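Pasted below: work-v3.json, JSON, C-alpha atoms.
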[["chain", "number", "residue", "atom", "x", "y", "z"],
["A", 1, "MET", "CA", 0.00, 0.00, 0.00],
["A", 2, "ASN", "CA", 1.19, 3.52, -0.66],
["A", 3, "HIS", "CA", 1.38, 6.26, 1.94],
["A", 4, "SER", "CA", -1.64, 8.20, 0.69],
["A", 5, "GLN", "CA", -3.85, 5.06, 0.94],
["A", 6, "ILE", "CA", -2.63, 4.43, 4.48],
["A", 7, "ASN", "CA", -3.12, 8.06, 5.44],
["A", 8, "ASP", "CA", -6.67, 8.04, 4.02],
["A", 9, "ALA", "CA", -7.42, 4.74, 5.75],
["A", 10, "TYR", "CA", -6.13, 6.12, 9.05],
["A", 11, "ILE", "CA", -8.26, 9.25, 8.77],
["A", 12, "ASN", "CA", -11.38, 7.36, 7.66],
["A", 13, "TYR", "CA", -11.22, 4.23, 9.80],
["A", 14, "LYS", "CA", -9.15, 4.88, 12.95],
["A", 15, "SER", "CA", -12.14, 5.64, 15.17],
["A", 16, "GLU", "CA", -14.13, 2.70, 13.78],
["A", 17, "ILE", "CA", -11.25, 0.25, 14.36],
["A", 18, "THR", "CA", -10.68, 1.65, 17.87],
["A", 19, "ARG", "CA", -14.39, 1.25, 18.66],
["A", 20, "TYR", "CA", -14.34, -2.29, 17.22],
["A", 21, "LEU", "CA", -11.37, -3.27, 19.38],
["A", 22, "SER", "CA", -12.89, -1.59, 22.46],
["A", 23, "GLN", "CA", -15.98, -3.77, 22.09],
["A", 24, "ILE", "CA", -13.84, -6.88, 21.91],
["A", 25, "LEU", "CA", -11.28, -6.06, 24.58],
["A", 26, "LYS", "CA", -13.37, -3.96, 26.98],
["A", 27, "GLN", "CA", -10.18, -1.97, 27.70],
["A", 28, "PRO", "CA", -9.90, 1.39, 25.88],
["A", 29, "GLN", "CA", -6.15, 1.82, 26.36],
["A", 30, "GLU", "CA", -5.39, -1.62, 24.92],
["A", 31, "ALA", "CA", -7.79, -0.88, 22.06],
["A", 32, "GLU", "CA", -5.85, 2.31, 21.28],
["A", 33, "ASP", "CA", -2.54, 0.43, 21.34],
["A", 34, "LEU", "CA", -3.83, -2.35, 19.11],
["A", 35, "THR", "CA", -5.34, 0.19, 16.71],
["A", 36, "GLN", "CA", -1.90, 1.69, 16.24],
["A", 37, "GLU", "CA", -0.43, -1.78, 15.74],
["A", 38, "CYS", "CA", -3.19, -2.51, 13.22],
["A", 39, "PHE", "CA", -2.19, 0.44, 11.05],
["A", 40, "ILE", "CA", 1.49, -0.39, 11.41],
["A", 41, "ARG", "CA", 0.77, -3.86, 10.08],
["A", 42, "MET", "CA", -1.28, -2.34, 7.29],
["A", 43, "MET", "CA", 1.76, -0.25, 6.32],
["A", 44, "ASN", "CA", 3.82, -3.43, 5.98],
["A", 45, "VAL", "CA", 1.41, -5.03, 3.49],
["A", 46, "THR", "CA", 3.18, -5.52, 0.19],
["A", 47, "SER", "CA", 0.28, -6.64, -1.99],
["A", 48, "PRO", "CA", -2.29, -4.08, -3.12],
["A", 49, "VAL", "CA", -5.57, -3.90, -1.21],
["A", 50, "PRO", "CA", -8.60, -2.62, -3.14],
["A", 51, "ASP", "CA", -10.07, 0.55, -1.64],
["A", 52, "ASP", "CA", -13.43, -1.10, -1.02],
["A", 53, "ARG", "CA", -11.72, -3.88, 1.03],
["A", 54, "ILE", "CA", -9.52, -1.72, 3.28],
["A", 55, "LEU", "CA", -11.99, -1.60, 6.19],
["A", 56, "TYR", "CA", -12.54, -5.36, 6.00],
["A", 57, "TYR", "CA", -8.77, -5.90, 5.93],
["A", 58, "LEU", "CA", -8.24, -3.58, 8.91],
["A", 59, "LYS", "CA", -10.97, -5.35, 10.89],
["A", 60, "ARG", "CA", -9.39, -8.70, 10.10],
["A", 61, "ILE", "CA", -6.00, -7.46, 11.34],
["A", 62, "ALA", "CA", -7.69, -6.00, 14.45],
["A", 63, "ARG", "CA", -9.51, -9.26, 15.18],
["A", 64, "ASN", "CA", -6.29, -11.23, 14.87],
["A", 65, "LEU", "CA", -4.48, -8.80, 17.16],
["A", 66, "ALA", "CA", -7.30, -9.12, 19.70],
["A", 67, "MET", "CA", -7.10, -12.92, 19.55],
["A", 68, "ASP", "CA", -3.33, -12.74, 20.07],
["A", 69, "ASN", "CA", -3.96, -10.48, 23.03],
["A", 70, "PHE", "CA", -6.44, -12.98, 24.54],
["A", 71, "ARG", "CA", -3.98, -15.83, 23.99],
["A", 72, "ARG", "CA", -1.22, -13.84, 25.65],
["A", 73, "ARG", "CA", -3.50, -13.13, 28.63],
["A", 74, "THR", "CA", -4.46, -16.80, 28.90],
["A", 75, "ARG", "CA", -0.82, -17.89, 28.83],
["A", 76, "THR", "CA", -0.04, -15.32, 31.51],
["A", 77, "LEU", "CA", -2.94, -16.55, 33.63],
["A", 78, "ARG", "CA", -1.85, -20.15, 33.24],
["A", 79, "ARG", "CA", 1.76, -19.34, 34.09],
["A", 80, "ASP", "CA", 0.77, -17.20, 37.06],
["A", 81, "SER", "CA", -1.66, -19.81, 38.38],
["A", 82, "ARG", "CA", 1.17, -22.34, 38.52],
["A", 83, "LEU", "CA", 3.27, -20.13, 40.75],
["A", 84, "GLU", "CA", 2.75, -21.02, 44.39],
["A", 85, "VAL", "CA", 3.32, -17.54, 45.76],
["A", 86, "PRO", "CA", 0.95, -16.40, 48.51],
["A", 87, "THR", "CA", -0.85, -13.18, 47.64],
["A", 88, "TYR", "CA", -2.23, -10.88, 50.26],
["A", 89, "HIS", "CA", -4.04, -8.47, 47.96],
["A", 90, "MET", "CA", -5.76, -8.74, 44.63],
["A", 91, "ASP", "CA", -3.84, -7.14, 41.80],
["A", 92, "THR", "CA", -6.19, -4.85, 39.87],
["A", 93, "HIS", "CA", -4.75, -5.84, 36.50],
["A", 94, "GLN", "CA", -5.08, -9.54, 37.34],
["A", 95, "MET", "CA", -8.65, -8.98, 38.48],
["A", 96, "GLU", "CA", -9.47, -7.30, 35.14],
["A", 97, "ILE", "CA", -7.94, -10.24, 33.26],
["A", 98, "ASN", "CA", -9.93, -12.72, 35.38],
["A", 99, "GLU", "CA", -13.13, -10.79, 34.69],
["A", 100, "GLY", "CA", -12.34, -10.75, 30.96],
["A", 101, "VAL", "CA", -11.71, -14.47, 30.92],
["A", 102, "ASP", "CA", -14.89, -15.13, 32.93],
["A", 103, "GLU", "CA", -16.85, -13.01, 30.49],
["A", 104, "ILE", "CA", -15.42, -14.89, 27.51],
["A", 105, "VAL", "CA", -16.08, -18.30, 29.07],
["A", 106, "SER", "CA", -19.64, -17.24, 29.95],
["A", 107, "HIS", "CA", -20.49, -17.38, 26.23],
["A", 108, "ILE", "CA", -20.28, -21.18, 26.39],
["A", 109, "ASN", "CA", -23.79, -22.47, 27.13],
["A", 110, "ASN", "CA", -22.86, -26.15, 27.39],
["A", 111, "THR", "CA", -21.70, -26.57, 31.00],
["A", 112, "GLU", "CA", -19.54, -29.59, 30.16],
["A", 113, "HIS", "CA", -17.73, -27.67, 27.39],
["A", 114, "ARG", "CA", -17.29, -24.72, 29.75],
["A", 115, "LYS", "CA", -15.80, -26.93, 32.46],
["A", 116, "ILE", "CA", -13.44, -28.60, 29.98],
["A", 117, "LEU", "CA", -12.38, -25.23, 28.55],
["A", 118, "GLU", "CA", -11.66, -23.89, 32.03],
["A", 119, "LEU", "CA", -9.63, -26.97, 32.98],
["A", 120, "ARG", "CA", -7.62, -26.89, 29.74],
["A", 121, "LEU", "CA", -7.03, -23.21, 29.12],
["A", 122, "ILE", "CA", -7.39, -21.45, 32.45],
["A", 123, "HIS", "CA", -6.02, -24.07, 34.83],
["A", 124, "GLY", "CA", -3.55, -25.49, 32.32],
["A", 125, "TYR", "CA", -4.30, -29.20, 32.62],
["A", 126, "SER", "CA", -3.21, -31.43, 29.76],
["A", 127, "ILE", "CA", -5.71, -33.16, 27.51],
["A", 128, "LYS", "CA", -5.02, -36.45, 29.27],
["A", 129, "GLU", "CA", -5.43, -34.92, 32.75],
["A", 130, "THR", "CA", -8.64, -33.19, 31.74],
["A", 131, "ALA", "CA", -10.03, -36.40, 30.23],
["A", 132, "GLU", "CA", -9.35, -38.26, 33.48],
["A", 133, "MET", "CA", -10.93, -35.49, 35.58],
["A", 134, "VAL", "CA", -14.20, -35.42, 33.64],
["A", 135, "ASN", "CA", -14.17, -39.13, 32.78],
["A", 136, "ARG", "CA", -14.24, -38.59, 29.01],
["A", 137, "SER", "CA", -12.01, -39.61, 26.10],
["A", 138, "GLU", "CA", -9.14, -37.42, 24.94],
["A", 139, "GLY", "CA", -10.83, -37.03, 21.55],
["A", 140, "MET", "CA", -13.96, -35.72, 23.25],
["A", 141, "ILE", "CA", -11.84, -33.19, 25.18],
["A", 142, "LYS", "CA", -10.24, -31.94, 21.96],
["A", 143, "SER", "CA", -13.65, -31.71, 20.31],
["A", 144, "SER", "CA", -15.16, -29.84, 23.26],
["A", 145, "VAL", "CA", -12.35, -27.29, 23.32],
["A", 146, "PHE", "CA", -12.66, -26.83, 19.55],
["A", 147, "HIS", "CA", -16.41, -26.22, 19.74],
["A", 148, "ALA", "CA", -16.08, -23.93, 22.78],
["A", 149, "VAL", "CA", -13.41, -21.81, 21.08],
["A", 150, "ASN", "CA", -15.52, -21.55, 17.92],
["A", 151, "ARG", "CA", -18.49, -20.46, 20.03],
["A", 152, "ILE", "CA", -16.35, -17.76, 21.64],
["A", 153, "ARG", "CA", -15.11, -16.61, 18.24],
["A", 154, "ALA", "CA", -18.67, -16.39, 16.95],
["A", 155, "LYS", "CA", -19.96, -14.45, 19.97],
["A", 156, "VAL", "CA", -17.01, -12.24, 20.91],
["A", 157, "ILE", "CA", -14.98, -11.60, 17.80],
["A", 158, "SER", "CA", -17.56, -11.36, 15.01]]
Encoded form using structure tokens:
Amino acid sequence: MNHSQINDAYINYKSEITRYLSQILKQPQEAEDLTQECFIRMMNVTSPVPDDRILYYLKRIARNLAMDNFRRRTRTLRRDSRLEVPTYHMDTHQMEINEGVDEIVSHINNTEHRKILELRLIHGYSIKETAEMVNRSEGMIKSSVFHAVNRIRAKVIS
């Protein structure tokens, strides 16, 4: 993309992309940061993007950045939950992450899928450990996680 296309896209779509990311992330500052990253990635695109597809392309980049952000949070939660350090106060940032994860998981209506997703992604149990805990096959665990993640994508991202 050339600089005039990027400049026009920034002027025309910055607020829309920021609003889109704010709805997904529920954190305005992170939405601002990811909006900037979105346009930086757009600048690095080498193939031409038709003018009528720029907004779609920007939203796709924004969605992917948001998913990466959620994955990074989940990994952080999993890593932090494995640390056996006593805490005497609740960290505000950690509380916001926990609320975000709870909100995302709440989109799963099937209680068994929700429980499996929590065991796998939030608590960090392996597929085998999760299967033993809920008395199901490993294939069923993989399938449940797949369907739960797709449900989250459909509800939260789109």
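Here CA of Asn7 in chain A stands at a distance of 28.6 Å from CA of Phe70 in chain A.
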Open item on the list: Between A:Ile24, A:Val49, A:Leu58, A:Ile122, which residue has the minimum interatomic distance to Arg75 in chain A, considering all atoms listed in the file?
Closed with: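 Among the listed residues, A:Ile122 lies closest to Arg75 in chain A.
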Task: Gap from CA of Gly124 in chain A to CA of Glu37 in chain A - Å, one decimal - done: 29.1 Å
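CA of Ile104 in chain A lies 18.4 Å from CA of Ser143 in chain A.
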Task: Among listed residues A:Ile116, A:Ile127, A:Ile17, A:Val145, nearest Phe39 in chain A (using all atoms listed in the file) - done: A:Ile17
Open item on the list: Give me the residues near Leu25 in chain A as a PyMOL selection string, where near means some atom within 9 Å (using all atoms listed in the file) and where sequence neighbours in that chain fewer than 4 positions away do not count.
Closed with: chain A and resi 20-21+30-31+66+69-70+100
- [ ] Extract, using only C-alpha atoms, all DNA, RNA and protein residues at most 12 Å from Glu138 in chain A, discarding same-chain residues fewer than 4 positions from it, and format them as JSON, numbers by chain.
- [x] {"A": [116, 120, 126, 127, 128, 129, 130, 131, 132, 133, 134, 142, 143, 144, 145]}
Task: Nearest to Lys26 in chain A, chosen from A:His123, A:Arg114, A:Glu96, A:Phe146, with all atoms listed in the file counted in the distances - done: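 Comparing A:His123, A:Arg114, A:Glu96, A:Phe146 against Lys26 in chain A, the winner is A:Glu96.
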